[in-house]
Amino acid sequence: GDSVTQMEGPVTLSEEAFLTINCTYTATGYPSLFWYVQYPGEGLQLLLKATKADDKGSNKGFEATYRKETTSFHLEKGSVQVSDSAVYFCALGTGGGNKLTFGTGTQLKVEL
Amino acid sequence: DTGVSQNPRHKITKRGQNVTFRCDPISEHNRLYWYRQTLGQGPEFLTYFQNEAQLEKSRLLSDRFSAERPKGSFSTLEIQRTEQGDSAMYLCASSSYRGATYEQYFGPGTRLTVT
C-alpha cells in the first residue's frame, strides 16, 4: 500500500542554518505530493505541493522537488528562523478522492 | 474567507458512551474528509464525501463509526460505544481543485478523550 517515510526528529537548528527534512514515499501510479506544517497549538496548514515528476513546490522560502526516480520529496530552506519551529508532515495524495497518506511528522526547533 | 470549523474542540467521555462531532467545511468546497491523528503520528484517512455521497471508507472505520453529510454541507462523525483506543484528535478537511490536484484544508480538530 501507499506509505510515506520521514526522517525522525526532533531536528534542532540555529537560526539562519540550512534545513533539509527527508521524505520518501511508496505509491502506485502518480501521486501528488504535499508538505503540511503544524505550528504549536494550531491546525495543519498546507505549505507546498507538487503534482508531477520534476515539479518544484515552493512557499515562504521552503522548497521541495518531486523526484520520481528516487521517490523522494525532501523539504529544504536556506535560512531558518525561530518562527519556523513546528512539526512538518510529508503526505501523498492518491486515488480519485486524493485521500492523503501522511508521514509521522518531523519536529523542527530553531534556536537563536 | 472562513476556514474549516469543527465542534466541539474537546470532548471527554466515558467508555461506552456515544459521541458526535461536527465539521463545517469551506463553503464552496464539495469534498470533505475525516482523518484521525494520535500522539506522535501523522493523520490517518477515515472517509471522504463528494457532496452528500460517501465515496470511500478506510478499514480503520469500524462498524462503531458512522459519518454523514446529509445536504452536502456540514458533516457529522459519530462514534458509538466508545473505547479507550478511540482517544485521538479527529480532523476534518475540505478541498478545492487547484493546480492540477485537490488541495485539502484542515480544521482545528476535535480532541476526544475516553476515560
# chains A, B, ... in the order shown; residues from 1 in each chain; ligands from 1
call {"tool": "residues_around", "arguments": {"residues": "range 54-58 of chain B", "least_positions_apart": "6", "cutoff": "12 Å", "atoms": "only C-alpha atoms", "output": "PyMOL selection string"}}
result
(chain A and resi 95-101) or (chain B and resi 30-36+44-48+65-72+75-76)
call {"tool": "select_by_dssp", "arguments": {"residues": "chain B", "states": "strand (DSSP E or B)", "output": "PyMOL selection string"}}
result
chain B and resi 5-7+10-13+19-24+31-37+44-50+53-57+65-68+75-79+88-98+101-106+110-114
call {"tool": "write_last_selection", "arguments": {"atoms": "C-alpha atoms", "output": "PDB file, in the first residue's frame"}}
result
ATOM      1  CA  SER B   5     -14.568  24.727  11.610  1.00  0.00           C
ATOM      2  CA  GLN B   6     -15.067  21.807  13.974  1.00  0.00           C
ATOM      3  CA  ASN B   7     -17.137  21.432  17.102  1.00  0.00           C
ATOM      4  CA  HIS B  10     -12.558  18.986  23.099  1.00  0.00           C
ATOM      5  CA  LYS B  11     -14.710  16.101  24.260  1.00  0.00           C
ATOM      6  CA  ILE B  12     -14.226  13.937  27.326  1.00  0.00           C
ATOM      7  CA  THR B  13     -16.487  10.931  27.574  1.00  0.00           C
ATOM      8  CA  VAL B  19     -20.188  10.927  20.813  1.00  0.00           C
ATOM      9  CA  THR B  20     -20.853  13.069  17.743  1.00  0.00           C
ATOM     10  CA  PHE B  21     -18.584  15.627  16.144  1.00  0.00           C
ATOM     11  CA  ARG B  22     -19.481  18.266  13.596  1.00  0.00           C
ATOM     12  CA  CYS B  23     -17.468  19.723  10.734  1.00  0.00           C
ATOM     13  CA  ASP B  24     -18.366  22.790   8.670  1.00  0.00           C
ATOM     14  CA  ARG B  31     -15.261  17.380  -0.957  1.00  0.00           C
ATOM     15  CA  LEU B  32     -14.986  16.707   2.762  1.00  0.00           C
ATOM     16  CA  TYR B  33     -12.620  14.327   4.545  1.00  0.00           C
ATOM     17  CA  TRP B  34     -12.233  12.887   8.044  1.00  0.00           C
ATOM     18  CA  TYR B  35      -8.883  11.846   9.493  1.00  0.00           C
ATOM     19  CA  ARG B  36      -7.735  10.603  12.889  1.00  0.00           C
ATOM     20  CA  GLN B  37      -4.444  11.588  14.481  1.00  0.00           C
ATOM     21  CA  GLU B  44      -4.818   8.668   9.075  1.00  0.00           C
ATOM     22  CA  PHE B  45      -7.587   8.772   6.491  1.00  0.00           C
ATOM     23  CA  LEU B  46     -11.018   7.627   7.655  1.00  0.00           C
ATOM     24  CA  THR B  47     -13.528   8.598   4.977  1.00  0.00           C
ATOM     25  CA  TYR B  48     -14.468  11.198   2.394  1.00  0.00           C
ATOM     26  CA  PHE B  49     -17.557  12.692   0.781  1.00  0.00           C
ATOM     27  CA  GLN B  50     -18.222  14.333  -2.513  1.00  0.00           C
ATOM     28  CA  ALA B  53     -22.186  10.880  -1.213  1.00  0.00           C
ATOM     29  CA  GLN B  54     -19.727   8.948   0.937  1.00  0.00           C
ATOM     30  CA  LEU B  55     -17.305   7.634  -1.673  1.00  0.00           C
ATOM     31  CA  GLU B  56     -14.614   5.881   0.316  1.00  0.00           C
ATOM     32  CA  LYS B  57     -14.170   4.460   3.788  1.00  0.00           C
ATOM     33  CA  PHE B  65     -18.106   4.747  13.401  1.00  0.00           C
ATOM     34  CA  SER B  66     -20.561   6.439  11.076  1.00  0.00           C
ATOM     35  CA  ALA B  67     -20.240   9.629   9.093  1.00  0.00           C
ATOM     36  CA  GLU B  68     -22.881  11.602   7.289  1.00  0.00           C
ATOM     37  CA  SER B  75     -20.755  16.630   8.168  1.00  0.00           C
ATOM     38  CA  THR B  76     -21.044  14.638  11.386  1.00  0.00           C
ATOM     39  CA  LEU B  77     -18.902  11.797  12.659  1.00  0.00           C
ATOM     40  CA  GLU B  78     -20.476   9.580  15.314  1.00  0.00           C
ATOM     41  CA  ILE B  79     -18.675   7.026  17.426  1.00  0.00           C
ATOM     42  CA  ALA B  88      -7.360  10.795  19.404  1.00  0.00           C
ATOM     43  CA  MET B  89      -7.637  14.055  17.525  1.00  0.00           C
ATOM     44  CA  TYR B  90     -10.327  13.878  14.826  1.00  0.00           C
ATOM     45  CA  LEU B  91      -9.579  16.155  11.906  1.00  0.00           C
ATOM     46  CA  CYS B  92     -11.853  17.351   9.163  1.00  0.00           C
ATOM     47  CA  ALA B  93     -10.675  18.779   5.866  1.00  0.00           C
ATOM     48  CA  SER B  94     -12.338  20.140   2.770  1.00  0.00           C
ATOM     49  CA  SER B  95     -10.810  20.524  -0.633  1.00  0.00           C
ATOM     50  CA  SER B  96     -10.775  22.530  -3.807  1.00  0.00           C
ATOM     51  CA  TYR B  97      -9.244  21.645  -7.149  1.00  0.00           C
ATOM     52  CA  ARG B  98      -6.271  23.904  -7.706  1.00  0.00           C
ATOM     53  CA  THR B 101      -4.740  18.472  -7.727  1.00  0.00           C
ATOM     54  CA  TYR B 102      -7.170  18.672  -4.816  1.00  0.00           C
ATOM     55  CA  GLU B 103      -5.741  20.813  -2.023  1.00  0.00           C
ATOM     56  CA  GLN B 104      -7.074  19.879   1.396  1.00  0.00           C
ATOM     57  CA  TYR B 105      -7.589  22.498   4.084  1.00  0.00           C
ATOM     58  CA  PHE B 106      -7.842  21.258   7.644  1.00  0.00           C
ATOM     59  CA  THR B 110     -11.763  17.723  17.920  1.00  0.00           C
ATOM     60  CA  ARG B 111      -9.726  16.107  20.670  1.00  0.00           C
ATOM     61  CA  LEU B 112     -11.523  13.089  22.115  1.00  0.00           C
ATOM     62  CA  THR B 113     -10.538  11.614  25.456  1.00  0.00           C
ATOM     63  CA  VAL B 114     -12.247   8.396  26.509  1.00  0.00           C
TER      64      VAL B 114
END
call {"tool": "closest_atom_pairs", "arguments": {"of": "chain A", "to": "chain B", "cutoff": "12 Å", "atoms": "only C-alpha atoms", "output": "CSV"}}
result
residue,atom,partner,partner_atom,distance
A:Asp2,CA,B:Phe45,CA,11.8
A:Ser3,CA,B:Glu44,CA,11.1
A:Val4,CA,B:Gly42,CA,9.9
A:Thr5,CA,B:Gly42,CA,10.7
A:Gln6,CA,B:Gly42,CA,10.5
A:Glu8,CA,B:Gly40,CA,10.8
A:Gly9,CA,B:Gly40,CA,10.5
A:Pro10,CA,B:Gly40,CA,11.3
A:Tyr30,CA,B:Thr101,CA,11.4
A:Pro31,CA,B:Thr101,CA,9.6
A:Ser32,CA,B:Thr101,CA,7.0
A:Leu33,CA,B:Thr101,CA,9.6
A:Phe34,CA,B:Glu103,CA,9.0
A:Trp35,CA,B:Glu103,CA,11.1
A:Tyr36,CA,B:Tyr105,CA,9.9
A:Val37,CA,B:Phe106,CA,11.0
A:Gln38,CA,B:Pro108,CA,10.3
A:Tyr39,CA,B:Pro108,CA,11.5
A:Pro40,CA,B:Pro108,CA,11.7
A:Gly41,CA,B:Pro108,CA,9.0
A:Glu42,CA,B:Pro108,CA,6.6
A:Gly43,CA,B:Pro108,CA,4.6
A:Leu44,CA,B:Phe106,CA,5.9
A:Gln45,CA,B:Phe106,CA,6.9
A:Leu46,CA,B:Tyr105,CA,7.0
A:Leu47,CA,B:Glu103,CA,10.6
A:Leu48,CA,B:Glu103,CA,9.8
A:Lys49,CA,B:Glu103,CA,8.6
A:Ala50,CA,B:Thr101,CA,8.8
A:Thr51,CA,B:Ala100,CA,6.7
A:Lys52,CA,B:Ala100,CA,9.2
A:Asp55,CA,B:Gly99,CA,11.6
A:Gly57,CA,B:Gly99,CA,11.0
A:Val87,CA,B:Gly40,CA,10.0
A:Tyr88,CA,B:Gly42,CA,9.7
A:Phe89,CA,B:Gly42,CA,7.1
A:Cys90,CA,B:Gly42,CA,8.9
A:Ala91,CA,B:Gly42,CA,9.0
A:Leu92,CA,B:Thr101,CA,11.2
A:Gly93,CA,B:Tyr102,CA,8.5
A:Thr94,CA,B:Thr101,CA,9.9
A:Gly95,CA,B:Glu56,CA,10.1
A:Gly96,CA,B:Leu55,CA,9.6
A:Gly97,CA,B:Tyr48,CA,7.5
A:Asn98,CA,B:Tyr102,CA,6.5
A:Lys99,CA,B:Phe45,CA,6.8
A:Leu100,CA,B:Phe45,CA,6.7
A:Thr101,CA,B:Glu44,CA,6.7
A:Phe102,CA,B:Gly42,CA,5.3
A:Gly103,CA,B:Gly42,CA,5.5
A:Thr104,CA,B:Gly42,CA,4.4
A:Gly105,CA,B:Gly42,CA,6.0
A:Thr106,CA,B:Gly40,CA,9.4
A:Gln107,CA,B:Gly40,CA,9.8
call {"tool": "residues_around", "arguments": {"residues": "Ser83 in chain A", "least_positions_apart": "2", "cutoff": "8 Å", "atoms": "only C-alpha atoms", "output": "NGL selection string"}}
result
:A and (81 or 85 or 110)
call {"tool": "residues_around", "arguments": {"residues": "range 63-71 of chain A", "least_positions_apart": "4", "cutoff": "6 Å", "atoms": "only C-alpha atoms", "output": "NGL selection string"}}
result
:A and (24-25 or 53-58 or 75-76)
call {"tool": "write_last_selection", "arguments": {"atoms": "C-alpha atoms", "output": "short mmCIF file (atom, residue, chain, number, x, y, z; two decimals), in the first residue's frame"}}
result
data_model
loop_
_atom_site.label_atom_id
_atom_site.label_comp_id
_atom_site.auth_asym_id
_atom_site.auth_seq_id
_atom_site.Cartn_x
_atom_site.Cartn_y
_atom_site.Cartn_z
CA THR A 24 10.47 9.21 0.65
CA TYR A 25 7.31 7.52 -0.49
CA ALA A 53 7.86 14.50 -11.67
CA ASP A 54 10.47 17.28 -11.51
CA ASP A 55 7.89 19.82 -10.29
CA LYS A 56 9.22 22.12 -7.60
CA GLY A 57 6.82 23.38 -4.96
CA SER A 58 7.77 26.48 -3.01
CA LEU A 75 11.89 19.77 2.16
CA GLU A 76 14.59 22.45 2.16
#
call {"tool": "residues_around", "arguments": {"residues": "Glu83 in chain B", "least_positions_apart": "4", "cutoff": "9 Å", "atoms": "only C-alpha atoms", "output": "PyMOL selection string"}}
result
chain B and resi 14-17+87+114-115
call {"tool": "decode", "arguments": {"residues": "range 46-68 of chain B", "atoms": "N, CA and C atoms", "output": "PDB file, in the first residue's frame"}}
result
ATOM      1  N   LEU B  46      -9.870   8.425   7.226  1.00  0.00           N
ATOM      2  CA  LEU B  46     -11.018   7.627   7.655  1.00  0.00           C
ATOM      3  C   LEU B  46     -12.055   7.481   6.539  1.00  0.00           C
ATOM      4  N   THR B  47     -12.478   8.637   5.981  1.00  0.00           N
ATOM      5  CA  THR B  47     -13.528   8.598   4.977  1.00  0.00           C
ATOM      6  C   THR B  47     -13.586   9.926   4.243  1.00  0.00           C
ATOM      7  N   TYR B  48     -14.250   9.918   3.044  1.00  0.00           N
ATOM      8  CA  TYR B  48     -14.468  11.198   2.394  1.00  0.00           C
ATOM      9  C   TYR B  48     -15.791  11.226   1.637  1.00  0.00           C
ATOM     10  N   PHE B  49     -16.296  12.423   1.459  1.00  0.00           N
ATOM     11  CA  PHE B  49     -17.557  12.692   0.781  1.00  0.00           C
ATOM     12  C   PHE B  49     -17.319  13.608  -0.411  1.00  0.00           C
ATOM     13  N   GLN B  50     -18.075  13.344  -1.451  1.00  0.00           N
ATOM     14  CA  GLN B  50     -18.222  14.333  -2.513  1.00  0.00           C
ATOM     15  C   GLN B  50     -19.684  14.735  -2.489  1.00  0.00           C
ATOM     16  N   ASN B  51     -19.930  15.988  -2.190  1.00  0.00           N
ATOM     17  CA  ASN B  51     -21.296  16.447  -1.890  1.00  0.00           C
ATOM     18  C   ASN B  51     -21.851  15.566  -0.775  1.00  0.00           C
ATOM     19  N   GLU B  52     -23.033  14.954  -0.967  1.00  0.00           N
ATOM     20  CA  GLU B  52     -23.594  14.156   0.125  1.00  0.00           C
ATOM     21  C   GLU B  52     -23.215  12.685   0.036  1.00  0.00           C
ATOM     22  N   ALA B  53     -22.527  12.289  -1.016  1.00  0.00           N
ATOM     23  CA  ALA B  53     -22.186  10.880  -1.213  1.00  0.00           C
ATOM     24  C   ALA B  53     -20.870  10.517  -0.525  1.00  0.00           C
ATOM     25  N   GLN B  54     -20.929   9.470   0.296  1.00  0.00           N
ATOM     26  CA  GLN B  54     -19.727   8.948   0.937  1.00  0.00           C
ATOM     27  C   GLN B  54     -19.057   7.991  -0.046  1.00  0.00           C
ATOM     28  N   LEU B  55     -17.907   8.370  -0.569  1.00  0.00           N
ATOM     29  CA  LEU B  55     -17.305   7.634  -1.673  1.00  0.00           C
ATOM     30  C   LEU B  55     -16.236   6.633  -1.260  1.00  0.00           C
ATOM     31  N   GLU B  56     -15.653   6.818  -0.100  1.00  0.00           N
ATOM     32  CA  GLU B  56     -14.614   5.881   0.316  1.00  0.00           C
ATOM     33  C   GLU B  56     -14.539   5.838   1.831  1.00  0.00           C
ATOM     34  N   LYS B  57     -14.343   4.641   2.352  1.00  0.00           N
ATOM     35  CA  LYS B  57     -14.170   4.460   3.788  1.00  0.00           C
ATOM     36  C   LYS B  57     -12.938   3.605   4.028  1.00  0.00           C
ATOM     37  N   SER B  58     -12.133   4.002   4.996  1.00  0.00           N
ATOM     38  CA  SER B  58     -10.963   3.212   5.367  1.00  0.00           C
ATOM     39  C   SER B  58     -11.404   2.015   6.203  1.00  0.00           C
ATOM     40  N   ARG B  59     -10.590   0.972   6.188  1.00  0.00           N
ATOM     41  CA  ARG B  59     -10.891  -0.158   7.069  1.00  0.00           C
ATOM     42  C   ARG B  59     -10.678   0.210   8.533  1.00  0.00           C
ATOM     43  N   LEU B  60     -10.067   1.379   8.786  1.00  0.00           N
ATOM     44  CA  LEU B  60      -9.963   1.879  10.155  1.00  0.00           C
ATOM     45  C   LEU B  60     -11.333   2.245  10.706  1.00  0.00           C
ATOM     46  N   LEU B  61     -12.264   2.518   9.817  1.00  0.00           N
ATOM     47  CA  LEU B  61     -13.597   2.959  10.224  1.00  0.00           C
ATOM     48  C   LEU B  61     -14.435   1.726  10.555  1.00  0.00           C
ATOM     49  N   SER B  62     -14.401   1.339  11.843  1.00  0.00           N
ATOM     50  CA  SER B  62     -15.138   0.144  12.248  1.00  0.00           C
ATOM     51  C   SER B  62     -16.636   0.415  12.227  1.00  0.00           C
ATOM     52  N   ASP B  63     -17.400  -0.627  12.510  1.00  0.00           N
ATOM     53  CA  ASP B  63     -18.862  -0.511  12.499  1.00  0.00           C
ATOM     54  C   ASP B  63     -19.369   0.480  13.550  1.00  0.00           C
ATOM     55  N   ARG B  64     -18.539   0.806  14.518  1.00  0.00           N
ATOM     56  CA  ARG B  64     -18.990   1.747  15.552  1.00  0.00           C
ATOM     57  C   ARG B  64     -18.925   3.197  15.071  1.00  0.00           C
ATOM     58  N   PHE B  65     -18.266   3.400  13.944  1.00  0.00           N
ATOM     59  CA  PHE B  65     -18.106   4.747  13.401  1.00  0.00           C
ATOM     60  C   PHE B  65     -19.093   4.949  12.247  1.00  0.00           C
ATOM     61  N   SER B  66     -19.736   6.107  12.230  1.00  0.00           N
ATOM     62  CA  SER B  66     -20.561   6.439  11.076  1.00  0.00           C
ATOM     63  C   SER B  66     -20.423   7.925  10.784  1.00  0.00           C
ATOM     64  N   ALA B  67     -20.360   8.240   9.516  1.00  0.00           N
ATOM     65  CA  ALA B  67     -20.240   9.629   9.093  1.00  0.00           C
ATOM     66  C   ALA B  67     -21.350   9.933   8.110  1.00  0.00           C
ATOM     67  N   GLU B  68     -21.830  11.166   8.190  1.00  0.00           N
ATOM     68  CA  GLU B  68     -22.881  11.602   7.289  1.00  0.00           C
ATOM     69  C   GLU B  68     -22.596  13.018   6.811  1.00  0.00           C
TER      70      GLU B  68
END
